[in-house]
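Everything on this sheet refers to the single structure shown next.
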Amino acid sequence: MKQLSLFTHLRAWLACALMACAGLSWAQPVFRVTAIPDESPTELARKAAPLMKYLEEQLGVKVEFTPVTDYATAVEALANRKVDLAWFGGFTFVQAQRRSGGKAVPIVQREEDEKFRSVFITADPAIQRLADLKGKDVSFGAQSSTSGHLMPRSFLLQAGIDPDKDFRRVAYSGAHDATIAAVAAGKVQAGALNISVWEKFVADQKVDTHKVTVFYTTPPYYDYNWTVHADMPAAQREKLTRAFLALSRNDTAGKAILDLQRATRFVPTKAENYKGIEEAARSAGLL
């Protein structure tokens with residue numbers, strides 16, 4: 001009887017242990033987030049940290065930011081469900097849509113992204129308009145960047161300027177801040193980049209605006225968004241969307257997060273908003 005009792009207790013203990021372990025694994029999933037590397041790794045990490053903490057509180061799960069080395073990796077990560085949430089530019093969203101078979105779902109964007117713009121900068125006083133770029137060395141950002149390559153290229157083509165034929169050299173810096181550095185150092189005569197990063201550099205006095213100036217600002221277009229995979233449960237997608245929309249400049253924590261994201265607020269978005277980006281990519285021969 002004692003042996004039977006001992007066996008019964010042991011079996012009960014094992015059952016409880018297994019349930020506890022199972023409960024632990026269910027209670028602690030990891031929600032993974034990534035972003036296109038359009039700025040330096042340290043800046044991306046600085047911007048992400050408070051937002052990840054906020055999302056962790058709102059979702060009730062562990063949230064981890066997973067940096068990637070290039071734009072293509074960010075696209076693949078979302079398409080293959082290696083991450084749950086990705087910060088894309090308009091063009092990388094279009095690429096993710098195609099790569100995932102239409103399963104990339106944009107949920108929110110910054111209010112600023114409804115009318116985003118790019119700027120062309122130079123340290124050469126002789127460059128005052130787009131036509132002056134002919135025969136010059138010009139830098140874009142990453143090849144898959146919306147605001148650092150696709151849309152600047154699109155507006156150049158509309159102005160009758162073909163970068164591959166009319167520029168002496170086309171360079172790709174890899175990131176917006178790197179484009180500013182290349183122009184400031186005289187490695188190229190001009191560069192195109194995200195207006196938000198430019199304004200941040202000017203505000204932080206990280207660029208000498210007596211030396212480096214903006215000579216052309218593009219018309220507005222839709223750009224960045226936060227995107228999930230269509231396979232994400234609807235309840236979790238709604239919870240995530242509400243968390244972004246709830247961020248407010250009226251409270252200290254919300255304002256700090258929005259300032260780092262360079263956002264007034266987040267607003268809902270949809271795939272249709274990026275049809276113009278897709279058309280521009282096709283016209284520029286990038287799709």
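Chain labels A, B, ... are given in the sequence in which chains occur in the structure tokens; within each chain residues are numbered consecutively from 1, and ligands are likewise numbered from 1 in the order shown.
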
(request) Skip Asn273 in chain A itself and residues of its chain fewer than 6 positions away, then list as a ChimeraX atom specification all residues within 10 Å of it, counting only C-alpha atoms. (result) /A:90,106,114,221-223

Same residues, C-alpha atoms, saved as an mmCIF file, in the first residue's frame:
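Dumped everything to part_38.cif:
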data_model
loop_
_atom_site.group_PDB
_atom_site.id
_atom_site.type_symbol
_atom_site.label_atom_id
_atom_site.label_comp_id
_atom_site.auth_asym_id
_atom_site.auth_seq_id
_atom_site.Cartn_x
_atom_site.Cartn_y
_atom_site.Cartn_z
ATOM 1 C CA GLY A 90 6.627 52.107 -48.274
ATOM 2 C CA PRO A 106 0.061 47.379 -42.552
ATOM 3 C CA GLU A 114 0.590 60.333 -44.981
ATOM 4 C CA TYR A 221 3.890 60.569 -50.756
ATOM 5 C CA TYR A 222 2.883 57.767 -48.362
ATOM 6 C CA ASP A 223 5.799 56.119 -46.596
#

(request) Find the spatial neighbours of range 230-245 of chain A, counting only C-alpha atoms, within a cut-off of 12 Å - ignore same-chain residues fewer than 5 positions away - and output them as a PyMOL selection string. (result) chain A and resi 31+51-61+63+78-81+83-85+96-97+100-111+225+254+257-258+261+263-269+271

Take the residues that were just selected and, keeping C-alpha atoms, output them as a PDB file, in the first residue's frame.
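Full text of out.pdb as output:
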ATOM      1  CA  PHE A  31       6.821  38.825 -29.502  1.00  0.00           C
ATOM      2  CA  LEU A  51       8.496  51.406 -27.519  1.00  0.00           C
ATOM      3  CA  MET A  52       9.340  47.740 -26.872  1.00  0.00           C
ATOM      4  CA  LYS A  53       8.790  48.250 -23.144  1.00  0.00           C
ATOM      5  CA  TYR A  54       5.431  49.924 -23.824  1.00  0.00           C
ATOM      6  CA  LEU A  55       4.277  47.150 -26.164  1.00  0.00           C
ATOM      7  CA  GLU A  56       5.327  44.556 -23.605  1.00  0.00           C
ATOM      8  CA  GLU A  57       3.087  46.220 -21.038  1.00  0.00           C
ATOM      9  CA  GLN A  58       0.186  46.530 -23.465  1.00  0.00           C
ATOM     10  CA  LEU A  59       0.373  43.029 -24.930  1.00  0.00           C
ATOM     11  CA  GLY A  60       1.244  41.233 -21.713  1.00  0.00           C
ATOM     12  CA  VAL A  61       4.056  39.248 -23.363  1.00  0.00           C
ATOM     13  CA  VAL A  63       8.735  41.845 -26.535  1.00  0.00           C
ATOM     14  CA  LEU A  78       8.207  39.202 -41.804  1.00  0.00           C
ATOM     15  CA  ALA A  79       7.351  37.119 -44.867  1.00  0.00           C
ATOM     16  CA  ASN A  80       8.668  33.958 -43.186  1.00  0.00           C
ATOM     17  CA  ARG A  81       7.106  34.827 -39.809  1.00  0.00           C
ATOM     18  CA  VAL A  83       9.162  38.280 -36.516  1.00  0.00           C
ATOM     19  CA  ASP A  84       5.666  39.360 -35.506  1.00  0.00           C
ATOM     20  CA  LEU A  85       5.938  43.055 -36.313  1.00  0.00           C
ATOM     21  CA  ALA A  96       7.012  42.212 -48.252  1.00  0.00           C
ATOM     22  CA  GLN A  97       3.555  42.060 -49.830  1.00  0.00           C
ATOM     23  CA  SER A 100       4.568  36.919 -48.611  1.00  0.00           C
ATOM     24  CA  GLY A 101       1.962  36.359 -51.318  1.00  0.00           C
ATOM     25  CA  GLY A 102      -0.138  39.296 -50.170  1.00  0.00           C
ATOM     26  CA  LYS A 103      -0.003  38.435 -46.470  1.00  0.00           C
ATOM     27  CA  ALA A 104       1.746  41.586 -45.242  1.00  0.00           C
ATOM     28  CA  VAL A 105      -0.795  43.744 -43.419  1.00  0.00           C
ATOM     29  CA  PRO A 106       0.061  47.379 -42.552  1.00  0.00           C
ATOM     30  CA  ILE A 107      -1.732  48.370 -39.350  1.00  0.00           C
ATOM     31  CA  VAL A 108      -0.559  51.871 -38.427  1.00  0.00           C
ATOM     32  CA  GLN A 109       1.644  54.674 -39.674  1.00  0.00           C
ATOM     33  CA  ARG A 110       2.744  57.970 -38.246  1.00  0.00           C
ATOM     34  CA  GLU A 111       0.525  60.884 -39.161  1.00  0.00           C
ATOM     35  CA  ASN A 225       4.306  51.810 -41.516  1.00  0.00           C
ATOM     36  CA  GLY A 254       3.674  58.590 -24.628  1.00  0.00           C
ATOM     37  CA  ILE A 257       7.995  57.386 -27.326  1.00  0.00           C
ATOM     38  CA  LEU A 258       6.410  59.540 -30.026  1.00  0.00           C
ATOM     39  CA  GLN A 261       9.629  57.800 -33.354  1.00  0.00           C
ATOM     40  CA  ALA A 263       5.711  61.112 -34.741  1.00  0.00           C
ATOM     41  CA  THR A 264       2.860  63.438 -33.831  1.00  0.00           C
ATOM     42  CA  ARG A 265       0.697  60.347 -33.385  1.00  0.00           C
ATOM     43  CA  PHE A 266      -0.032  57.000 -35.009  1.00  0.00           C
ATOM     44  CA  VAL A 267      -3.036  56.585 -37.301  1.00  0.00           C
ATOM     45  CA  PRO A 268      -4.578  53.527 -39.009  1.00  0.00           C
ATOM     46  CA  THR A 269      -3.331  52.642 -42.477  1.00  0.00           C
ATOM     47  CA  ALA A 271      -2.339  48.404 -48.130  1.00  0.00           C
TER      48      ALA A 271
END

Range 24-89 of chain A near range 179-195 of chain A within 12 Å: what's each residue's closest atom pair and its distance in Å to one decimal, counting only C-alpha atoms, ordered by chain then ascending residue number, as CSV?
residue,atom,partner,partner_atom,distance
A:Asp38,CA,A:Asn194,CA,9.3
A:Glu39,CA,A:Thr179,CA,10.1
A:Ser40,CA,A:Thr179,CA,11.5
A:Gly89,CA,A:Asn194,CA,10.5

(request) Rank nothing, just name the residue among A:Thr252, A:Thr146, A:Pro41, A:Asp164 nearest to Phe93 in chain A, using only C-alpha atoms. (result) A:Thr146

(message) as JSON, numbers by chain, please: every residue in range 35-70 of chain A that a backbone DSSP assignment puts in strand (DSSP E or B).
(response) {"A": [35, 62, 63, 64, 65]}

Would you mind exporting the chosen residues as a compact mmCIF listing (two decimals), in the first residue's frame, restricted to N, CA and C atoms?
# COMPACT_ATOMS: atom_id res chain seq x y z
N ALA A 35 13.03 46.15 -37.71
CA ALA A 35 12.87 47.41 -38.46
C ALA A 35 13.92 47.48 -39.55
N LYS A 62 6.45 39.06 -23.47
CA LYS A 62 7.81 39.56 -23.63
C LYS A 62 8.00 40.05 -25.06
N VAL A 63 8.52 41.26 -25.21
CA VAL A 63 8.74 41.84 -26.53
C VAL A 63 10.23 42.07 -26.73
N GLU A 64 10.75 41.60 -27.85
CA GLU A 64 12.17 41.74 -28.15
C GLU A 64 12.37 42.41 -29.50
N PHE A 65 13.29 43.37 -29.54
CA PHE A 65 13.65 44.01 -30.81
C PHE A 65 14.81 43.23 -31.42

(message) So, with only C-alpha atoms as the atoms that count, which of A:Ala171, A:Val207, A:Ser248, A:Ala131 lies closest to Leu157 in chain A?
(response) A:Ala131

(message) I need the alpha helix (DSSP H) residues of range 62-95 of chain A per DSSP on the backbone, written as a ChimeraX atom specification.
(response) /A:71-79,90-95

Atoms kept (C-alpha atoms) for selection, written as a short mmCIF file (atom, residue, chain, number, x, y, z; two decimals), in the first residue's frame:
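Printed below is selection-v3.cif as written:
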data_model
loop_
_atom_site.label_atom_id
_atom_site.label_comp_id
_atom_site.auth_asym_id
_atom_site.auth_seq_id
_atom_site.Cartn_x
_atom_site.Cartn_y
_atom_site.Cartn_z
CA TYR A 71 16.42 45.84 -45.85
CA ALA A 72 16.01 42.47 -47.59
CA THR A 73 16.45 40.61 -44.30
CA ALA A 74 13.67 42.66 -42.70
CA VAL A 75 11.36 41.74 -45.60
CA GLU A 76 12.25 38.04 -45.36
CA ALA A 77 11.83 38.02 -41.58
CA LEU A 78 8.21 39.20 -41.80
CA ALA A 79 7.35 37.12 -44.87
CA GLY A 90 6.63 52.11 -48.27
CA PHE A 91 8.83 50.23 -50.75
CA THR A 92 9.87 47.50 -48.32
CA PHE A 93 6.19 47.03 -47.46
CA VAL A 94 5.46 46.53 -51.17
CA GLN A 95 8.34 44.03 -51.34
#

(message) I want to know what sits within 9 Å of range 280-286 of chain A, based on only C-alpha atoms, with residues of the same chain fewer than 5 positions away left out; could you give that as a PyMOL selection string?
(response) chain A and resi 91+144+150-151+153-154+157+275

Go ahead and write the residues just picked, C-alpha atoms, as a PDB file, in the first residue's frame.
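Once written, part05.pdb looks like this:
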ATOM      1  CA  PHE A  91       8.831  50.229 -50.749  1.00  0.00           C
ATOM      2  CA  SER A 144      15.400  49.403 -51.136  1.00  0.00           C
ATOM      3  CA  LEU A 150      12.946  54.978 -54.811  1.00  0.00           C
ATOM      4  CA  MET A 151      11.006  58.232 -54.524  1.00  0.00           C
ATOM      5  CA  ARG A 153      14.803  58.457 -58.236  1.00  0.00           C
ATOM      6  CA  SER A 154      11.150  58.609 -59.307  1.00  0.00           C
ATOM      7  CA  LEU A 157      12.966  60.585 -63.757  1.00  0.00           C
ATOM      8  CA  LYS A 275      -0.229  51.590 -54.506  1.00  0.00           C
TER       9      LYS A 275
END

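Nearest to Thr66 in chain A of all the residues A:Arg32, A:Leu44, A:Gly148, A:Thr209 is A:Arg32, based on only C-alpha atoms.
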